[in-house]
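Asks: Please see the structure below; I have some questions.
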Amino acid sequence: METAALIVVLVILLALFFDFTNGFHDTANAMATPIATGALKPKTAVLLAAVLNLVGAFLSTEVSKTVSHGIIREDTIQGDAFLPMIFAGLIGAITWNMLTWLLGLPSSSSHALFGGLIGATLVGVGVGGIDFGMVLSKIILPALIAPLTAGIIAFAATKLAYSITRRYDGKPDGRDGFRWGQIFTSSLVALAHGTNDAQKTMGVITLALITVGWQSSSQADPHLWVIIACAVTIALGTYLGGWRIIRTLGKGLTEVKPAQGFSAESSTAATILASSAFGFALSTTQVASGSVIGSGLGRRGSTVRWRTAGRIAIGWLLTLPAAGAVGALAALLITWLGTWGIAIDAVLALVVIIGLFLRSRKDAVTPANAMSDVAESGLAVEHPDMPPPTRRQQRAIEARAEAKARADAREKAKAKAKAEAKEKAAAKAAKRGPSTGAATRIDNAGTTDSEEAK
């Protein structure tokens with residue numbers, strides 16, 4: 001029992017540390033577009049995100065129930081066998097989170113957590129320990145559908161925003177009013193992130209407590225102290241750790257305009273809040289990235305850079321199996337070595353975390369080593385320097401061209417008429433010219449002869 005209690009404490013500490021890494025790895029993305037468009041200063045944006053994550057963590061527990069009573073069949077697994085698997089899964093999630101944060105690889109903290117837990121459970125317990133139906137319905141399908149849905153909503157919202165404000169097309173800063181709207185929409189994204197991502201850590205801790213009998217399996221909601229601990233930890237991670245990503249967001253989203261940012265954030269917030277209500281465990285990074293790409297396509301004349309978009313998609317697909325592989329390796333050590341395996345895993349995890357942190361302190365923050373997924377997604381859409389005209393503008397241009405053509409035709413007709421009139425006048429003058437000239441010569445001749453006679 002003492003060993004189980006020690007493992008529970010280790011699991012809670014690791015889960016809270018994962019929550020902290022989730023804060024600085026993902027939550028900063030909620031403020032990507034308002035920082036890029038200048039709607040909020042970086043420090044203000046991070047502080048606002050931290051506060052709203054804290055508030056959002058108290059608003060819903062549906063996602064927590066998905067983790068604690070969904071993907072893993074805890075009722076069929078003995079506590080003394082399952083606790084080390086949770087521990088190994090958290091090691092996999094944290095290791096992958098820290099590594100991708102350092103290298104700037106696109107990843108999802110949520111999928112890193114699920115991958116680590118699934119990989120460790122498969123090794124330590126077997127296939128029977130995973131509810132694959134729940135994994136498919138609550139994790140895999142939402143991961144595929146949510147970014148696409150968010151992108152479509154953002155695309156339509158951007159089209160609508162530009163259509164309503166079409167009279168500002170010729171003004172560089174004509175749509176700056178959307179920056180004020182971005183303060184509200186980005187706040188909604190941060191709040192939504194708290195309702196979804198903070199819940200996953202609550203679910204892991206609740207799962208560990210149920211496993212050792214410290215919480216009844218019939219009680220789906222986490223304890224109040226679990227909610228408070230997770231909310232404070234993710235908020236703290238957001239404020240203290242998000243700078244490495246925040247400082248490069250503007251460089252990755254330089255082409256995002258205020259109208260796009262407003263549309264993308266509205267779509268992201270709506271998608272995450274709706275998913276949280278249904279208990280779908282989403283990746284905020286993926287949803288926000290889908291919204292940014294969709295809003296980019298909503299601008300006239302934009303084209304997709306398929307190579308960049310493909311690289312982002314590969315990063316999304318790689319996260320869950322990669323974190324699962326790390327979690328499986330950690331679980332394998334525990335299976336082989338028992339308690340010594342847990343100790344070795346703990347030491348290795350501590351070495352990896354400290355090593356990656358020290359490495360991050362030595363490297364300068366540049367787009368090459370700290371680009372966030374949302375920031376990179378802004379590069380997946382190419383925009384022309386001068387967007388093509390809308391249909392209405394095209395009709396106006398054609399109407400002006402036709403009017404000018406008619407005016408030119410009238411001028412040509414007038415000029416031709418004048419030229420013809422001059423030609424007619426010249427012709428008439430030419431006809432009258434010879435007779436008049438002969439008479440003049442006769443008169444002149446007569447005058448000359450008379451003068452000579454005199």
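Chain labels A, B, ... are given in the sequence in which chains occur in the structure tokens; within each chain residues are numbered consecutively from 1, and ligands are likewise numbered from 1 in the order shown.
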Give me the residues within 12 Å of Trp180 of chain A as a PyMOL selection string, counting only C-alpha atoms and dropping any in the same chain fewer than 2 places off.
Replies: chain A and resi 34+37-40+175-178+182-187+258-259+261-262
Asks: Would you mind exporting the chosen residues as a tab-separated table (two decimals), in the first residue's frame, restricted to N, CA, C and O atoms?
Replies:
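Output (selection20.tsv):
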chain	number	residue	atom	x	y	z
A	34	PRO	N	-4.26	37.49	-32.38
A	34	PRO	CA	-4.30	38.87	-31.88
A	34	PRO	C	-2.92	39.48	-31.71
A	34	PRO	O	-2.75	40.68	-31.88
A	37	THR	N	-1.70	40.36	-35.37
A	37	THR	CA	-2.34	41.51	-35.97
A	37	THR	C	-2.18	42.78	-35.13
A	37	THR	O	-2.60	43.85	-35.54
A	38	GLY	N	-1.59	42.66	-33.95
A	38	GLY	CA	-1.37	43.82	-33.10
A	38	GLY	C	-2.55	44.18	-32.22
A	38	GLY	O	-2.58	45.25	-31.62
A	39	ALA	N	-3.54	43.29	-32.15
A	39	ALA	CA	-4.70	43.59	-31.31
A	39	ALA	C	-4.33	43.60	-29.83
A	39	ALA	O	-4.92	44.36	-29.04
A	40	LEU	N	-3.37	42.75	-29.42
A	40	LEU	CA	-2.95	42.68	-28.03
A	40	LEU	C	-1.42	42.64	-27.96
A	40	LEU	O	-0.77	42.05	-28.83
A	175	ARG	N	-9.92	47.81	-42.12
A	175	ARG	CA	-10.62	46.82	-41.31
A	175	ARG	C	-10.00	46.69	-39.92
A	175	ARG	O	-10.11	45.64	-39.29
A	176	ASP	N	-9.36	47.71	-39.45
A	176	ASP	CA	-8.72	47.65	-38.14
A	176	ASP	C	-9.72	47.51	-37.00
A	176	ASP	O	-9.34	47.15	-35.88
A	177	GLY	N	-10.99	47.80	-37.27
A	177	GLY	CA	-11.99	47.65	-36.22
A	177	GLY	C	-12.11	46.21	-35.73
A	177	GLY	O	-12.52	45.97	-34.59
A	178	PHE	N	-11.72	45.26	-36.58
A	178	PHE	CA	-11.78	43.86	-36.17
A	178	PHE	C	-10.78	43.55	-35.06
A	178	PHE	O	-10.90	42.54	-34.37
A	182	GLN	N	-11.14	41.07	-31.89
A	182	GLN	CA	-10.22	39.98	-31.60
A	182	GLN	C	-9.94	39.84	-30.10
A	182	GLN	O	-9.65	38.73	-29.64
A	183	ILE	N	-10.00	40.92	-29.36
A	183	ILE	CA	-9.78	40.82	-27.92
A	183	ILE	C	-10.84	39.92	-27.30
A	183	ILE	O	-10.55	39.09	-26.43
A	184	PHE	N	-12.07	40.06	-27.77
A	184	PHE	CA	-13.16	39.22	-27.26
A	184	PHE	C	-13.02	37.78	-27.75
A	184	PHE	O	-13.13	36.83	-26.96
A	185	THR	N	-12.78	37.58	-29.05
A	185	THR	CA	-12.74	36.23	-29.59
A	185	THR	C	-11.53	35.45	-29.09
A	185	THR	O	-11.63	34.25	-28.81
A	186	SER	N	-10.38	36.10	-28.97
A	186	SER	CA	-9.20	35.39	-28.46
A	186	SER	C	-9.40	35.02	-26.99
A	186	SER	O	-8.92	33.98	-26.53
A	187	SER	N	-10.12	35.85	-26.26
A	187	SER	CA	-10.44	35.51	-24.87
A	187	SER	C	-11.33	34.28	-24.81
A	187	SER	O	-11.18	33.42	-23.93
A	258	PRO	N	-6.67	41.56	-39.55
A	258	PRO	CA	-7.62	41.57	-38.43
A	258	PRO	C	-8.93	40.84	-38.72
A	258	PRO	O	-9.45	40.12	-37.86
A	259	ALA	N	-9.47	41.00	-39.92
A	259	ALA	CA	-10.73	40.32	-40.24
A	259	ALA	C	-10.55	38.80	-40.23
A	259	ALA	O	-11.43	38.06	-39.77
A	261	GLY	N	-8.20	37.15	-38.44
A	261	GLY	CA	-7.99	36.75	-37.06
A	261	GLY	C	-9.29	36.64	-36.29
A	261	GLY	O	-9.51	35.69	-35.54
A	262	PHE	N	-10.16	37.62	-36.49
A	262	PHE	CA	-11.47	37.61	-35.83
A	262	PHE	C	-12.26	36.37	-36.22
A	262	PHE	O	-12.84	35.68	-35.38
Asks: With a cut-off of 7 Å, could you pull out the residues of segment 97-182 of chain A touching segment 323-326 of chain A and give me the nearest pair of atoms for each, distance in Å to one decimal, using only C-alpha atoms, ordered by chain and ascending number, as CSV?
Replies:
residue,atom,partner,partner_atom,distance
A:Ala112,CA,A:Ala323,CA,5.2
A:Gly115,CA,A:Gly324,CA,4.1
A:Gly116,CA,A:Gly324,CA,4.2
A:Leu117,CA,A:Gly324,CA,7.0
A:Ile118,CA,A:Gly324,CA,6.3
A:Gly119,CA,A:Gly324,CA,4.1
A:Ala120,CA,A:Gly324,CA,7.0
Asks: Find the spatial neighbours of segment 331-346 of chain A, counting only C-alpha atoms, within a cut-off of 12 Å - ignore same-chain residues fewer than 2 positions away - and output them as a compact mmCIF listing (two decimals) with all heavy atoms, in the first residue's frame.
Replies:
# COMPACT_ATOMS: atom_id res chain seq x y z
N THR A 3 3.78 1.50 -1.34
CA THR A 3 4.30 1.65 -2.71
C THR A 3 3.25 2.26 -3.62
O THR A 3 3.54 3.15 -4.43
CB THR A 3 4.75 0.29 -3.26
OG1 THR A 3 5.72 -0.28 -2.38
CG2 THR A 3 5.34 0.45 -4.65
N ALA A 4 2.00 1.80 -3.48
CA ALA A 4 0.90 2.34 -4.29
C ALA A 4 0.69 3.82 -4.01
O ALA A 4 0.48 4.62 -4.93
CB ALA A 4 -0.38 1.55 -4.03
N LEU A 6 2.91 5.91 -2.92
CA LEU A 6 4.05 6.64 -3.49
C LEU A 6 3.87 6.83 -4.99
O LEU A 6 4.13 7.91 -5.54
CB LEU A 6 5.35 5.89 -3.19
CG LEU A 6 6.63 6.52 -3.76
CD1 LEU A 6 6.83 7.92 -3.19
CD2 LEU A 6 7.83 5.64 -3.47
N ILE A 7 3.39 5.77 -5.66
CA ILE A 7 3.18 5.88 -7.10
C ILE A 7 2.07 6.87 -7.42
O ILE A 7 2.15 7.63 -8.39
CB ILE A 7 2.86 4.48 -7.69
CG1 ILE A 7 4.05 3.55 -7.50
CG2 ILE A 7 2.52 4.59 -9.17
CD1 ILE A 7 3.78 2.13 -7.97
N LEU A 10 3.53 10.23 -7.23
CA LEU A 10 4.35 10.47 -8.43
C LEU A 10 3.46 10.75 -9.65
O LEU A 10 3.78 11.64 -10.46
CB LEU A 10 5.25 9.27 -8.70
CG LEU A 10 6.42 9.06 -7.74
CD1 LEU A 10 7.16 7.76 -8.08
CD2 LEU A 10 7.39 10.24 -7.80
N VAL A 11 2.37 9.99 -9.77
CA VAL A 11 1.46 10.21 -10.88
C VAL A 11 0.85 11.60 -10.83
O VAL A 11 0.76 12.30 -11.85
CB VAL A 11 0.35 9.13 -10.88
CG1 VAL A 11 -0.78 9.52 -11.81
CG2 VAL A 11 0.93 7.79 -11.30
N LEU A 13 2.07 14.29 -9.36
CA LEU A 13 3.10 15.28 -9.66
C LEU A 13 3.41 15.33 -11.15
O LEU A 13 3.54 16.41 -11.75
CB LEU A 13 4.37 14.98 -8.86
CG LEU A 13 4.26 15.16 -7.34
CD1 LEU A 13 5.57 14.75 -6.67
CD2 LEU A 13 3.93 16.62 -6.99
N LEU A 14 3.54 14.14 -11.76
CA LEU A 14 3.80 14.09 -13.19
C LEU A 14 2.64 14.67 -13.99
O LEU A 14 2.83 15.37 -14.99
CB LEU A 14 4.06 12.65 -13.63
CG LEU A 14 5.51 12.15 -13.58
CD1 LEU A 14 5.58 10.71 -14.07
CD2 LEU A 14 6.42 13.02 -14.42
N ASP A 80 -2.76 -2.14 -8.52
CA ASP A 80 -1.32 -2.24 -8.39
C ASP A 80 -0.64 -2.48 -9.74
O ASP A 80 0.55 -2.21 -9.91
CB ASP A 80 -0.94 -3.34 -7.40
CG ASP A 80 -1.55 -4.69 -7.81
OD1 ASP A 80 -2.39 -4.70 -8.73
OD2 ASP A 80 -1.19 -5.70 -7.18
N ALA A 81 -1.39 -2.98 -10.73
CA ALA A 81 -0.83 -3.20 -12.06
C ALA A 81 -1.04 -1.99 -12.96
O ALA A 81 -0.24 -1.74 -13.87
CB ALA A 81 -1.47 -4.43 -12.70
N PHE A 82 -2.11 -1.24 -12.70
CA PHE A 82 -2.46 -0.15 -13.60
C PHE A 82 -1.76 1.17 -13.26
O PHE A 82 -1.44 1.95 -14.15
CB PHE A 82 -3.98 0.04 -13.60
CG PHE A 82 -4.46 1.03 -14.63
CD1 PHE A 82 -3.94 1.03 -15.92
CD2 PHE A 82 -5.43 1.96 -14.30
CE1 PHE A 82 -4.39 1.94 -16.86
CE2 PHE A 82 -5.87 2.86 -15.23
CZ PHE A 82 -5.36 2.86 -16.52
N LEU A 83 -1.53 1.42 -11.99
CA LEU A 83 -0.89 2.69 -11.59
C LEU A 83 0.46 2.90 -12.28
O LEU A 83 0.73 4.00 -12.80
CB LEU A 83 -0.71 2.73 -10.07
CG LEU A 83 -1.82 3.41 -9.27
CD1 LEU A 83 -1.48 3.38 -7.79
CD2 LEU A 83 -2.00 4.85 -9.73
N PRO A 84 1.33 1.89 -12.33
CA PRO A 84 2.60 2.09 -13.03
C PRO A 84 2.41 2.39 -14.52
O PRO A 84 3.22 3.11 -15.12
CB PRO A 84 3.33 0.76 -12.83
CG PRO A 84 2.74 0.18 -11.60
CD PRO A 84 1.31 0.58 -11.64
N MET A 85 1.32 1.89 -15.11
CA MET A 85 1.06 2.16 -16.52
C MET A 85 0.67 3.63 -16.73
O MET A 85 1.06 4.25 -17.72
CB MET A 85 -0.05 1.24 -17.04
CG MET A 85 0.28 -0.26 -16.98
SD MET A 85 1.81 -0.69 -17.83
CE MET A 85 2.94 -0.94 -16.44
N ILE A 86 -0.11 4.17 -15.81
CA ILE A 86 -0.44 5.60 -15.88
C ILE A 86 0.84 6.42 -15.76
O ILE A 86 1.05 7.40 -16.49
CB ILE A 86 -1.44 5.98 -14.78
CG1 ILE A 86 -2.74 5.19 -14.93
CG2 ILE A 86 -1.74 7.48 -14.82
CD1 ILE A 86 -3.74 5.45 -13.83
N PHE A 87 1.70 6.01 -14.85
CA PHE A 87 2.98 6.68 -14.64
C PHE A 87 3.81 6.65 -15.93
O PHE A 87 4.35 7.67 -16.36
CB PHE A 87 3.73 5.99 -13.50
CG PHE A 87 5.07 6.57 -13.17
CD1 PHE A 87 5.18 7.74 -12.44
CD2 PHE A 87 6.23 5.95 -13.61
CE1 PHE A 87 6.42 8.28 -12.14
CE2 PHE A 87 7.48 6.48 -13.31
CZ PHE A 87 7.57 7.65 -12.57
N ALA A 88 3.89 5.48 -16.56
CA ALA A 88 4.66 5.34 -17.80
C ALA A 88 4.04 6.17 -18.93
O ALA A 88 4.75 6.78 -19.74
CB ALA A 88 4.74 3.87 -18.20
N GLY A 89 2.71 6.19 -18.99
CA GLY A 89 2.04 6.98 -20.03
C GLY A 89 2.32 8.46 -19.89
O GLY A 89 2.52 9.17 -20.89
N LEU A 90 2.34 8.96 -18.66
CA LEU A 90 2.65 10.37 -18.43
C LEU A 90 4.08 10.69 -18.83
O LEU A 90 4.37 11.77 -19.35
CB LEU A 90 2.41 10.72 -16.97
CG LEU A 90 0.95 10.87 -16.55
CD1 LEU A 90 0.84 10.99 -15.03
CD2 LEU A 90 0.32 12.09 -17.22
N ILE A 91 4.99 9.77 -18.58
CA ILE A 91 6.38 9.97 -19.00
C ILE A 91 6.46 10.11 -20.52
O ILE A 91 7.16 10.99 -21.05
CB ILE A 91 7.27 8.82 -18.50
CG1 ILE A 91 7.44 8.90 -16.99
CG2 ILE A 91 8.64 8.85 -19.19
CD1 ILE A 91 8.24 7.78 -16.39
N GLY A 92 5.73 9.26 -21.23
CA GLY A 92 5.71 9.35 -22.68
C GLY A 92 5.16 10.68 -23.16
O GLY A 92 5.70 11.31 -24.08
N ILE A 94 4.96 13.61 -21.49
CA ILE A 94 5.81 14.74 -21.12
C ILE A 94 7.07 14.78 -21.97
O ILE A 94 7.50 15.85 -22.44
CB ILE A 94 6.17 14.66 -19.61
CG1 ILE A 94 4.93 14.91 -18.76
CG2 ILE A 94 7.26 15.68 -19.26
CD1 ILE A 94 5.13 14.65 -17.29
N THR A 95 7.67 13.62 -22.20
CA THR A 95 8.90 13.58 -23.01
C THR A 95 8.63 14.10 -24.41
O THR A 95 9.39 14.91 -24.95
CB THR A 95 9.44 12.14 -23.07
OG1 THR A 95 9.70 11.68 -21.74
CG2 THR A 95 10.72 12.08 -23.89
N GLY A 116 0.51 8.37 -24.96
CA GLY A 116 1.31 7.80 -23.88
C GLY A 116 0.52 6.80 -23.06
O GLY A 116 1.01 5.70 -22.74
N LEU A 117 -0.73 7.15 -22.70
CA LEU A 117 -1.56 6.25 -21.89
C LEU A 117 -1.92 4.98 -22.65
O LEU A 117 -1.87 3.87 -22.10
CB LEU A 117 -2.84 6.98 -21.47
CG LEU A 117 -2.69 8.09 -20.42
CD1 LEU A 117 -4.02 8.79 -20.21
CD2 LEU A 117 -2.15 7.53 -19.11
N ILE A 118 -2.27 5.14 -23.93
CA ILE A 118 -2.65 3.96 -24.72
C ILE A 118 -1.45 3.04 -24.93
O ILE A 118 -1.55 1.81 -24.78
CB ILE A 118 -3.24 4.40 -26.07
CG1 ILE A 118 -4.59 5.09 -25.84
CG2 ILE A 118 -3.41 3.20 -27.00
CD1 ILE A 118 -5.17 5.73 -27.10
N GLY A 119 -0.28 3.61 -25.25
CA GLY A 119 0.91 2.79 -25.47
C GLY A 119 1.31 2.04 -24.22
O GLY A 119 1.63 0.83 -24.27
N ALA A 120 1.30 2.72 -23.07
CA ALA A 120 1.67 2.06 -21.82
C ALA A 120 0.67 0.98 -21.44
O ALA A 120 1.05 -0.10 -20.96
CB ALA A 120 1.77 3.10 -20.71
N THR A 121 -0.62 1.23 -21.65
CA THR A 121 -1.64 0.24 -21.30
C THR A 121 -1.54 -1.00 -22.19
O THR A 121 -1.72 -2.13 -21.72
CB THR A 121 -3.04 0.86 -21.42
OG1 THR A 121 -3.11 2.03 -20.58
CG2 THR A 121 -4.12 -0.12 -20.99
N LEU A 122 -1.27 -0.79 -23.47
CA LEU A 122 -1.15 -1.93 -24.38
C LEU A 122 0.00 -2.85 -23.97
O LEU A 122 -0.11 -4.08 -24.03
CB LEU A 122 -0.93 -1.43 -25.81
CG LEU A 122 -2.15 -0.82 -26.51
CD1 LEU A 122 -1.75 -0.26 -27.88
CD2 LEU A 122 -3.26 -1.86 -26.67
N VAL A 123 1.12 -2.24 -23.51
CA VAL A 123 2.27 -3.05 -23.10
C VAL A 123 2.03 -3.69 -21.74
O VAL A 123 2.30 -4.88 -21.54
CB VAL A 123 3.55 -2.19 -23.08
CG1 VAL A 123 4.70 -2.95 -22.42
CG2 VAL A 123 3.93 -1.79 -24.49
N GLY A 124 1.53 -2.91 -20.79
CA GLY A 124 1.41 -3.42 -19.43
C GLY A 124 0.19 -4.26 -19.16
O GLY A 124 0.21 -5.13 -18.29
N VAL A 125 -0.89 -4.01 -19.86
CA VAL A 125 -2.15 -4.69 -19.58
C VAL A 125 -2.60 -5.56 -20.76
O VAL A 125 -3.05 -6.68 -20.59
CB VAL A 125 -3.25 -3.68 -19.21
CG1 VAL A 125 -4.57 -4.39 -18.94
CG2 VAL A 125 -2.83 -2.86 -18.01
N GLY A 126 -2.49 -5.02 -21.96
CA GLY A 126 -2.93 -5.74 -23.14
C GLY A 126 -4.03 -5.00 -23.86
O GLY A 126 -4.52 -3.94 -23.43
N GLY A 324 2.92 7.35 -27.87
CA GLY A 324 2.58 5.99 -27.48
C GLY A 324 3.79 5.08 -27.42
O GLY A 324 3.91 4.24 -26.53
N ALA A 325 4.73 5.28 -28.37
CA ALA A 325 5.95 4.47 -28.37
C ALA A 325 6.81 4.75 -27.14
O ALA A 325 7.34 3.83 -26.51
CB ALA A 325 6.74 4.73 -29.65
N VAL A 326 6.92 6.03 -26.78
CA VAL A 326 7.71 6.38 -25.58
C VAL A 326 7.04 5.81 -24.33
O VAL A 326 7.71 5.25 -23.45
CB VAL A 326 7.86 7.91 -25.46
CG1 VAL A 326 8.63 8.27 -24.20
CG2 VAL A 326 8.58 8.47 -26.68
N GLY A 327 5.69 5.95 -24.26
CA GLY A 327 4.98 5.39 -23.11
C GLY A 327 5.12 3.87 -23.05
O GLY A 327 5.24 3.29 -21.96
N ALA A 328 5.13 3.22 -24.21
CA ALA A 328 5.28 1.76 -24.24
C ALA A 328 6.66 1.34 -23.76
O ALA A 328 6.79 0.34 -23.02
CB ALA A 328 5.03 1.26 -25.66
N LEU A 329 7.70 2.09 -24.15
CA LEU A 329 9.05 1.77 -23.68
C LEU A 329 9.16 1.92 -22.17
O LEU A 329 9.78 1.08 -21.49
CB LEU A 329 10.06 2.66 -24.39
CG LEU A 329 10.30 2.39 -25.88
CD1 LEU A 329 11.22 3.44 -26.47
CD2 LEU A 329 10.88 1.00 -26.07
N LEU A 348 15.11 8.62 -15.52
CA LEU A 348 15.27 8.95 -16.94
C LEU A 348 14.39 10.14 -17.32
O LEU A 348 14.82 11.03 -18.07
CB LEU A 348 14.91 7.74 -17.80
CG LEU A 348 15.90 6.57 -17.78
CD1 LEU A 348 15.37 5.41 -18.61
CD2 LEU A 348 17.26 7.02 -18.31
N ALA A 349 13.15 10.16 -16.81
CA ALA A 349 12.26 11.29 -17.11
C ALA A 349 12.83 12.59 -16.56
O ALA A 349 12.79 13.64 -17.23
CB ALA A 349 10.88 11.03 -16.51
N LEU A 350 13.37 12.54 -15.35
CA LEU A 350 13.95 13.74 -14.75
C LEU A 350 15.16 14.22 -15.56
O LEU A 350 15.31 15.42 -15.81
CB LEU A 350 14.37 13.45 -13.30
CG LEU A 350 14.82 14.65 -12.47
CD1 LEU A 350 13.68 15.65 -12.34
CD2 LEU A 350 15.29 14.19 -11.09
N VAL A 351 15.99 13.29 -15.99
CA VAL A 351 17.16 13.64 -16.80
C VAL A 351 16.74 14.26 -18.13
O VAL A 351 17.30 15.27 -18.57
CB VAL A 351 18.04 12.39 -17.03
CG1 VAL A 351 19.13 12.69 -18.07
CG2 VAL A 351 18.68 11.94 -15.73
N VAL A 352 15.74 13.65 -18.78
CA VAL A 352 15.27 14.17 -20.06
C VAL A 352 14.68 15.57 -19.91
O VAL A 352 14.97 16.48 -20.70
CB VAL A 352 14.23 13.21 -20.67
CG1 VAL A 352 13.53 13.85 -21.87
CG2 VAL A 352 14.89 11.91 -21.11
N ILE A 353 13.85 15.76 -18.89
CA ILE A 353 13.21 17.06 -18.68
C ILE A 353 14.26 18.14 -18.40
O ILE A 353 14.24 19.22 -19.01
CB ILE A 353 12.19 16.98 -17.53
CG1 ILE A 353 11.00 16.11 -17.94
CG2 ILE A 353 11.71 18.37 -17.12
CD1 ILE A 353 10.06 15.78 -16.81
Asks: Quick check, in Å to one decimal: how far apart do atom CA of Leu47 of chain A and atom CA of Phe17 of chain A lie?
Replies: 19.6 Å
Asks: Apply DSSP to the structure's backbone, then extract all residues of segment 83-261 of chain A labelled alpha helix (DSSP H) and return them as an MDAnalysis selection string.
Replies: chainID A and resid 83:103 109:124 132:135 141:164 178:211 224:241 243:252 258:261
Asks: With distances taken over only C-alpha atoms, which of A:Ala430, A:Leu148, A:Ile227, A:Met202 is nearest to Ala313 of chain A?
Replies: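 Closest candidate: A:Leu148.
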Asks: Return the single residue from A:Gly213, A:Gly315, A:Gly128, A:Gly56 that is closest to Ile228 of chain A, with distances computed using only C-alpha atoms.
Replies: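 Between A:Gly213, A:Gly315, A:Gly128, A:Gly56, the residue approaching Ile228 of chain A most closely is A:Gly56.
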